[in-house]
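Notes for the one structure printed next.
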Amino acid sequence: LKKKQDARAYLREHFLRSMTSLVGRNATFHMYENTVVSGVIRGCDIDVQNLCVSNLSTALGLQPAAILRADDVLSFTVDDISSPS
């Protein structure tokens, strides 16, 4: 049981560090219906059910702030992940 708890804690910590490193990065979100939007990742809620994005560029225009439901996002790519933001 202790090994499983340690493994879960390790994975959770690294996941949270990964999510934190994405804050402030430009990203392209691929969504259902072949919809592609882009914006700057600002964070997510505790359950990673919603992503907070600023400067969201959509086919209808630019939204200064938006929340994307994680269930609607198929995938996302982040520009230049190797350099610090």
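By convention here, the chains of the structure tokens are called A, B, ... in the order presented, each chain's residues are numbered starting at 1, and ligands are numbered starting at 1 in the order presented.
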- Mind checking which residues fall within 8 Å of Ile41 of chain A, counting only C-alpha atoms, ignoring those fewer than 2 positions away in the same chain, and posting them as number ranges by chain? A: 22-27, 39, 43, 51-54
- Note on the structure: Among A:Leu11, A:Val40, A:Leu1, A:Val78, Gln63 of chain A is approached most closely, using only C-alpha atoms, by A:Val40
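Proximity to Asp80 of chain A was assessed for A:Ser21, A:Thr58, A:Pro64, A:Tyr32 counting only C-alpha atoms; the smallest distance is recorded for A:Ser21.
Taking atom CA of Val36 of chain A and atom CA of Val48 of chain A as the two end points, the separation is 19.8 Å.
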- strand (DSSP E) call set, DSSP backbone run, chain A, as JSON, numbers by chain: {"A": [26, 27, 28, 29, 30, 31, 35, 36, 37, 38, 39, 40, 41, 42, 43, 44, 50, 51, 52, 53, 54, 55, 56, 57, 58, 61, 62, 63, 64, 65, 66, 67, 68, 69, 73, 74, 75, 76, 77, 78]}
- Task: Choose the residue, out of A:Asp79, A:Asp6, A:Asp45, A:Asp72, that has the smallest atom-to-atom separation from Thr28 of chain A; count only C-alpha atoms.
- Result: A:Asp79
- Task: Give me, please, the distance in Å between atom CA of Ile46 of chain A and atom CA of Arg8 of chain A, quoted to one decimal.
- Result: 16.0 Å
